[in-house]
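Peer 1: Could you have a look at this structure, given as structure tokens, before my questions?
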Amino acid sequence: MDKGFFEDISVLHQFIRNFHKSCNPVEMKVDLNRTQAHVLMAVAKNNVNTMTKISEEVGLEKGSFTTVVDSLIQKGYLERIRSEEDRRKISLVLTTEGREVATMMQQHMGNQAGKMFHTTNKEDLEAIKQAVHVLAEFARKVEG
């Protein structure tokens with residue numbers, strides 16, 4: 001790989017960081033910190049929401065993850081559901097209020113993305129979407 005490739009990766013990394021900063025939960029007027037918001041959104045987007053799967057996705061160790069989940073349960077956004085077949089397996093589900101907050105956060109993120117790309121012409125926007133899709137597919141393959 002050449003130097004330009006790594007510079008491009010660095011620019012993309014900074015772009016993604018800036019996008020995430022613009023989606024700060026405080027700006028969305030929700031009573032969540034970044035970690036809580038990240039966990040809530042991970043639960044919202046996944047069909048299978050075991051504690052293990054979500055903790056791995058958000059990159060938190062078991063103890064830290066449990067603390068975040070407990071706080072989201074206390075706020076009324078999540079519930080723990082124990083498997084009937086295997087009592088050790090615990091799934092997370094959004095409550096009605098949690099689903100409303102997640103939907104609001106997704107809308108805010110969509111609005112922020114719209115602001116970032118509002119000056120981009122249609123052809124470039126389609127090229128960007130395609131490039132992001134290709135990168136995401138590659139990342140999924142690499143991550144397994």
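How things are named: the first chain in the structure tokens is A, the next is B, and so on; residues count from 1 in each chain; ligands count from 1 in the order shown.
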Would you pick out the contacts of A:Val58 at 9 Å or less, using only C-alpha atoms, so that residues sharing its chain but fewer than 4 positions from it are not included, and give the list as a list in words?

Peer 2: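 The neighbour list is Thr35, His38, Val39, Ala42, Lys53, Ile54 and Phe65 of chain A.
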
Peer 1: Since we have the selection now, will you write its residues out, keeping C-alpha atoms, as a compact mmCIF listing (two decimals), in the first residue's frame?

Peer 2:
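The resulting file, again-v7.txt, is reproduced below:
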# COMPACT_ATOMS: atom_id res chain seq x y z
CA THR A 35 -21.68 4.96 25.75
CA HIS A 38 -24.02 3.56 21.55
CA VAL A 39 -25.45 0.56 23.41
CA ALA A 42 -26.69 -1.33 18.92
CA LYS A 53 -23.21 -10.02 21.12
CA ILE A 54 -23.99 -6.40 21.96
CA PHE A 65 -21.25 -3.30 29.77

Peer 1: Write out as a list in words the residues lying within 10 Å of A:Leu32, counting only C-alpha atoms and excluding same-chain residues fewer than 4 positions away.

Peer 2: Asn24, Pro25, Val26, Met28, Gln36, Ala37, His38, Leu40, Ser71, Leu72, Lys75 and Val101 of chain A

Peer 1: Going by DSSP on the backbone, which bits of stretch 4-113 of chain A are alpha helix (DSSP H)? Write them as an NGL selection string, please.

Peer 2: :A and (4-22 or 34-45 or 51-58 or 62-74 or 96-113)

Peer 1: Please run DSSP on the backbone and report, as a PyMOL selection string, all residues within stretch 1-138 of chain A that come out as strand (DSSP E or B).

Peer 2: chain A and resi 50+78-82+90-94

Peer 1: Just to be explicit: take each residue in the selection above, keep C-alpha atoms, and write the result as a PDB file, in the first residue's frame.

Peer 2:
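Output (result36.pdb):
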ATOM      1  CA  THR A  50     -27.712 -11.238  23.511  1.00  0.00           C
ATOM      2  CA  LEU A  78     -34.136  -1.570  27.964  1.00  0.00           C
ATOM      3  CA  GLU A  79     -35.335  -4.836  29.460  1.00  0.00           C
ATOM      4  CA  ARG A  80     -33.421  -8.052  30.091  1.00  0.00           C
ATOM      5  CA  ILE A  81     -35.104 -11.246  28.900  1.00  0.00           C
ATOM      6  CA  ARG A  82     -33.773 -14.601  30.101  1.00  0.00           C
ATOM      7  CA  ILE A  90     -29.832 -13.072  28.419  1.00  0.00           C
ATOM      8  CA  SER A  91     -31.213 -10.910  25.633  1.00  0.00           C
ATOM      9  CA  LEU A  92     -31.800  -7.185  25.612  1.00  0.00           C
ATOM     10  CA  VAL A  93     -34.929  -5.620  24.160  1.00  0.00           C
ATOM     11  CA  LEU A  94     -35.986  -2.022  23.767  1.00  0.00           C
TER      12      LEU A  94
END

Peer 1: Output as a tab-separated table one row per residue of stretch 19-92 of chain A within 9 Å of stretch 109-127 of chain A: the closest atom pair and its distance in Å to one decimal place, counting only C-alpha atoms, sorted by chain and residue number ascending.

Peer 2:
residue	atom	partner	partner_atom	distance
A:Phe19	CA	A:Gln112	CA	7.6
A:His20	CA	A:Met109	CA	8.6
A:Ser22	CA	A:Gln112	CA	6.9
A:Cys23	CA	A:Met109	CA	5.9

Peer 1: Would you put the residues from that selection into a file with C-alpha atoms, as a PDB file, in the first residue's frame?

Peer 2:
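Saved the output as out-v5.pdb:
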ATOM      1  CA  PHE A  19     -19.775  12.782  12.285  1.00  0.00           C
ATOM      2  CA  HIS A  20     -20.085  10.917  15.586  1.00  0.00           C
ATOM      3  CA  SER A  22     -22.076  15.900  15.613  1.00  0.00           C
ATOM      4  CA  CYS A  23     -24.461  13.183  16.801  1.00  0.00           C
TER       5      CYS A  23
END

Peer 1: Which residue gives the smallest distance to A:Leu135 among A:His108, A:Asn46, A:Leu12, A:Thr96, with only C-alpha atoms counted?

Peer 2: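 Looking only at the distances to A:Leu135, the closest residue turns out to be A:Leu12.
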
Peer 1: Measuring atom to atom with only C-alpha atoms, identify which of A:Ile73, A:Val30, A:Glu56, A:His13 is nearest to A:Glu143.

Peer 2: A:Glu56

Peer 1: Go through A:Asn18, A:Gln130, A:Ser55, A:Thr103 and flag the residue nearest A:Thr67, using only C-alpha atoms for the distances.

Peer 2: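 That would be A:Ser55, the residue with the smallest distance to A:Thr67.
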
Peer 1: One number please: atom CA of A:Tyr77 to atom CA of A:Arg99, in Å, one decimal.

Peer 2: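 Separation between atom CA of A:Tyr77 and atom CA of A:Arg99: 7.4 Å.
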
Peer 1: Record the distance separating atom CA of A:Gln106 and atom CA of A:Glu137, expressed in Å with one decimal.

Peer 2: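 Pair atom CA of A:Gln106 / atom CA of A:Glu137 returns 21.3 Å.
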